[in-house]
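Chemist: Before I ask anything, here is the structure I am working with.
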Amino acid sequence: MSVYPGPNGPNGHADQPVHTGPAGHDDSSGPADRSGPGTGPWWRGVLVRPRDWRLGTRFAVIFALVATAVITLVGALAYTTAAGLIRADVEDEFEGTVAELSDQLVSLHDQGDASGPGPFLSGDNLQLQFLGPDGSRTVTVTNPSEVILFNPSDRDLEVAAEDRPGVVEMREQSINGQQYRLATVSIGDGSGALQLLQALSPTELMLDRLATQILWVGLFVALCAAAVGWLVGHRTTGRLVRLTDAAEYVSSTGRLDPVGPGRGGEGREGLEEAGRDEVGRLSSAFNAMLARLARSKDDQRRLVQDAAHELRTPLTSLYTNVQVLGSVDRLSPEARDSLIEDLRGETRELTALVNELVGLATGDHEDEPMSSVSLAQVAERVAKRTRRRTGRDIVVDADDSVVWGRPGSLERAVANPVENSAKFDPEGTAPIEIRVRGGAVEVMDRGPGIDPAELDRVFERFYRATVARGLPGSGLGLSMVREIAHAHGGRVFARNREGGGAVIGFQLPLSTPPDGEQPTGTA
């Protein structure tokens, strides 16, 4: 047992501890790392111009920031809650110990045992010592170097001089830079007091370790989130990069074929990794656009080639007739009239051919708005106009078929085979019939019919049957019928009619008009 005199004794320097608590954390940090002059310009660009980041990097940064924010909020809440509970639990335990000590002292005083304090021992985090009314202190320890010395306050001396047992004075006190919780309990009859000292540094060290663990877990989660963001961004932007490469390849080369995963146009297997998400739909739409542009380009090239071939004949004829006009004075009146009539015919044919070429090249029919169209009304209008132009008898037998399409285009698709029937059978007396059944339009005549070997080619552009090559026309009419039918989701057909003549027409899908909308047959 060691006895330490009061503050006026020879060893009165009570603020010199025998044993100090654990060293505090050194929060100082070294100088911040600074980029040296050798730092590459890409690093400065990443920091200075985030707008230039790749999408994968942006995804990674955004995921990491979101994860950091969530972990910060959750970690702060968890740490605050845990720290509050731990501190409250330690404080409750200390107060319970103090209350039990006070009850024991009261009990001893009531039993008349006032001989003084017994051999009190200190625990791992507690130091129990006797405080005499004169300020002297007595503590029993196994290691004197672990004794914590401090000067008693005036209030502590007042409690030590109390006549009543169990009077408690409790407070927190800083000793040598460390925080402690101190309780002074009177023994009674002015015989002194017992002081219970609890170190708070172990609790704070435990909370520091908890904060460090939360920090490391948060950092790990943020890195995992960044990795997931990078993977998601890489998988998402990988297809966008291939689309960008494809667009740049098309822009630089002018070729419209789909470009595969290789950069710079390496590979032509196409962007076949398209899924059903937005990027996948974009890939599919991009490939469909390229395919349509490629078909359009091929159609234009074929149209120009075919047009050049078809225009050559009327232009040659016109050139020859113009040369003959130089010697018109030497021609007979009959030859001159024939020449003029030939010029008029060639001019009309050339004008019709140019008009049809312009219509095909510009695709005017595609600009017409879609609506519900009654095929019966379309057939009646075509029949009425053809009767007026040709004087032929046109019979319409139509049901109430309604399709979704462009009225003007459908009227032209019906008119072309009707006019062909009138042209190929100019002396015919049998009526030309237009039959409409279930979305199918059939134009039937009693003309010369179609050579069975040519049935599959009558809808080709600029194709003219052998018997029709001496008649006016460009061979574009039925090809327009095919294009219009295909544009409306239909198909075309041609066959010879029993008893003579031909049947030419197309089949379109039926449509139910919306409530309150009246089908139209006009453009």
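Labels used: A, B, ... for chains in the order of the structure tokens, numbers from 1 for residues in each chain, and numbers from 1 for ligands as shown.
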When DSSP works through the backbone of this structure, what residues of segment 91-269 of chain A end up as strand (DSSP E or B), shown as a VMD selection string?
Modeler: chain A and resid 121 126 to 131 137 to 140 168 to 175 178 to 186 193 to 199
Chemist: Store the residues picked out above, limited to N, CA and C atoms, as an mmCIF file, in the first residue's frame.
Modeler:
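The resulting part.cif:
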```cif
data_model
loop_
_atom_site.group_PDB
_atom_site.id
_atom_site.type_symbol
_atom_site.label_atom_id
_atom_site.label_comp_id
_atom_site.auth_asym_id
_atom_site.auth_seq_id
_atom_site.Cartn_x
_atom_site.Cartn_y
_atom_site.Cartn_z
ATOM 1 N N LEU A 121 -8.979 -2.510 -4.525
ATOM 2 C CA LEU A 121 -8.098 -2.760 -5.685
ATOM 3 C C LEU A 121 -8.668 -2.083 -6.915
ATOM 4 N N LEU A 126 -10.358 0.990 -14.164
ATOM 5 C CA LEU A 126 -10.829 1.718 -12.986
ATOM 6 C C LEU A 126 -9.711 1.810 -11.949
ATOM 7 N N GLN A 127 -9.670 2.921 -11.254
ATOM 8 C CA GLN A 127 -8.748 3.098 -10.124
ATOM 9 C C GLN A 127 -9.574 3.554 -8.934
ATOM 10 N N LEU A 128 -9.503 2.792 -7.845
ATOM 11 C CA LEU A 128 -10.242 3.110 -6.622
ATOM 12 C C LEU A 128 -9.230 3.506 -5.550
ATOM 13 N N GLN A 129 -9.434 4.673 -4.960
ATOM 14 C CA GLN A 129 -8.503 5.168 -3.960
ATOM 15 C C GLN A 129 -9.268 5.839 -2.823
ATOM 16 N N PHE A 130 -8.584 5.908 -1.639
ATOM 17 C CA PHE A 130 -9.152 6.562 -0.450
ATOM 18 C C PHE A 130 -8.651 7.993 -0.417
ATOM 19 N N LEU A 131 -9.587 8.925 -0.179
ATOM 20 C CA LEU A 131 -9.251 10.340 -0.054
ATOM 21 C C LEU A 131 -9.555 10.762 1.382
ATOM 22 N N ARG A 137 -4.097 10.641 -0.046
ATOM 23 C CA ARG A 137 -4.704 9.593 -0.872
ATOM 24 C C ARG A 137 -4.002 8.264 -0.646
ATOM 25 N N THR A 138 -4.779 7.210 -0.621
ATOM 26 C CA THR A 138 -4.247 5.862 -0.428
ATOM 27 C C THR A 138 -4.841 4.961 -1.509
ATOM 28 N N VAL A 139 -3.956 4.234 -2.220
ATOM 29 C CA VAL A 139 -4.403 3.351 -3.292
ATOM 30 C C VAL A 139 -3.582 2.074 -3.242
ATOM 31 N N THR A 140 -4.241 0.951 -3.388
ATOM 32 C CA THR A 140 -3.566 -0.342 -3.423
ATOM 33 C C THR A 140 -3.451 -0.792 -4.879
ATOM 34 N N VAL A 168 -22.442 11.471 -3.224
ATOM 35 C CA VAL A 168 -21.713 11.233 -4.494
ATOM 36 C C VAL A 168 -21.477 12.561 -5.198
ATOM 37 N N GLU A 169 -20.279 12.757 -5.664
ATOM 38 C CA GLU A 169 -19.907 13.874 -6.547
ATOM 39 C C GLU A 169 -19.269 13.257 -7.790
ATOM 40 N N MET A 170 -19.858 13.499 -8.977
ATOM 41 C CA MET A 170 -19.402 12.849 -10.219
ATOM 42 C C MET A 170 -19.141 13.916 -11.270
ATOM 43 N N ARG A 171 -18.062 13.733 -12.003
ATOM 44 C CA ARG A 171 -17.718 14.681 -13.070
ATOM 45 C C ARG A 171 -16.720 14.022 -14.022
ATOM 46 N N GLU A 172 -16.490 14.680 -15.182
ATOM 47 C CA GLU A 172 -15.419 14.281 -16.098
ATOM 48 C C GLU A 172 -14.266 15.253 -15.927
ATOM 49 N N GLN A 173 -13.049 14.735 -15.984
ATOM 50 C CA GLN A 173 -11.881 15.555 -15.716
ATOM 51 C C GLN A 173 -10.770 15.176 -16.685
ATOM 52 N N SER A 174 -10.043 16.177 -17.132
ATOM 53 C CA SER A 174 -8.902 15.958 -18.007
ATOM 54 C C SER A 174 -7.645 15.896 -17.171
ATOM 55 N N ILE A 175 -6.905 14.831 -17.271
ATOM 56 C CA ILE A 175 -5.670 14.645 -16.525
ATOM 57 C C ILE A 175 -4.572 14.301 -17.507
ATOM 58 N N GLN A 178 -5.624 13.416 -20.995
ATOM 59 C CA GLN A 178 -6.525 12.294 -21.153
ATOM 60 C C GLN A 178 -7.820 12.567 -20.385
ATOM 61 N N GLN A 179 -8.934 12.066 -20.943
ATOM 62 C CA GLN A 179 -10.225 12.265 -20.318
ATOM 63 C C GLN A 179 -10.541 11.105 -19.374
ATOM 64 N N TYR A 180 -11.083 11.471 -18.186
ATOM 65 C CA TYR A 180 -11.452 10.475 -17.188
ATOM 66 C C TYR A 180 -12.832 10.839 -16.637
ATOM 67 N N ARG A 181 -13.497 9.836 -16.126
ATOM 68 C CA ARG A 181 -14.748 10.042 -15.390
ATOM 69 C C ARG A 181 -14.456 9.756 -13.918
ATOM 70 N N LEU A 182 -14.746 10.749 -13.032
ATOM 71 C CA LEU A 182 -14.368 10.675 -11.619
ATOM 72 C C LEU A 182 -15.619 10.751 -10.750
ATOM 73 N N ALA A 183 -15.678 9.848 -9.764
ATOM 74 C CA ALA A 183 -16.772 9.851 -8.799
ATOM 75 C C ALA A 183 -16.169 9.806 -7.390
ATOM 76 N N THR A 184 -16.635 10.726 -6.534
ATOM 77 C CA THR A 184 -16.194 10.782 -5.128
ATOM 78 C C THR A 184 -17.392 10.440 -4.249
ATOM 79 N N VAL A 185 -17.244 9.423 -3.385
ATOM 80 C CA VAL A 185 -18.336 8.929 -2.535
ATOM 81 C C VAL A 185 -17.884 9.036 -1.071
ATOM 82 N N SER A 186 -18.676 9.753 -0.272
ATOM 83 C CA SER A 186 -18.307 9.955 1.146
ATOM 84 C C SER A 186 -18.500 8.675 1.951
ATOM 85 N N ALA A 193 -13.385 9.792 1.964
ATOM 86 C CA ALA A 193 -14.227 9.386 0.835
ATOM 87 C C ALA A 193 -13.461 8.415 -0.038
ATOM 88 N N LEU A 194 -14.192 7.684 -0.811
ATOM 89 C CA LEU A 194 -13.594 6.810 -1.833
ATOM 90 C C LEU A 194 -13.775 7.467 -3.197
ATOM 91 N N GLN A 195 -12.720 7.437 -4.007
ATOM 92 C CA GLN A 195 -12.756 8.011 -5.357
ATOM 93 C C GLN A 195 -12.583 6.888 -6.371
ATOM 94 N N LEU A 196 -13.490 6.884 -7.317
ATOM 95 C CA LEU A 196 -13.468 5.890 -8.415
ATOM 96 C C LEU A 196 -13.154 6.631 -9.701
ATOM 97 N N LEU A 197 -12.066 6.250 -10.386
ATOM 98 C CA LEU A 197 -11.585 6.928 -11.593
ATOM 99 C C LEU A 197 -11.643 5.952 -12.773
ATOM 100 N N GLN A 198 -12.331 6.382 -13.820
ATOM 101 C CA GLN A 198 -12.472 5.534 -15.033
ATOM 102 C C GLN A 198 -11.838 6.242 -16.221
ATOM 103 N N ALA A 199 -10.949 5.550 -16.899
ATOM 104 C CA ALA A 199 -10.319 6.111 -18.112
ATOM 105 C C ALA A 199 -11.264 5.978 -19.296
#
```
Chemist: One number please: atom CA of Glu368 of chain A to atom CA of Ser409 of chain A, in Å, one decimal.
Modeler: 8.1 Å
Chemist: Could you tell me which of A:Gly238, A:Asp154, A:Ala285, A:Arg392 comes closest to Pro426 of chain A if we count only C-alpha atoms?
Modeler: A:Arg392
Chemist: Just asking: which residues within segment 78-119 of chain A are helix (DSSP H, G or I) according to DSSP, as a PyMOL selection string?
Modeler: chain A and resi 78-110
Chemist: Identify, on the basis of only C-alpha atoms, every residue whose closest approach to Gly500 of chain A does not exceed 7 Å; exclude the query and any residue fewer than 5 positions from it along the same chain; express the result as a PyMOL selection string.
Modeler: chain A and resi 446-449
Chemist: When you count only C-alpha atoms, which of these residues is closest to Asp208 of chain A: A:Arg482, A:Val443, A:Leu410, A:Ala83?
Modeler: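 Closest candidate: A:Ala83.
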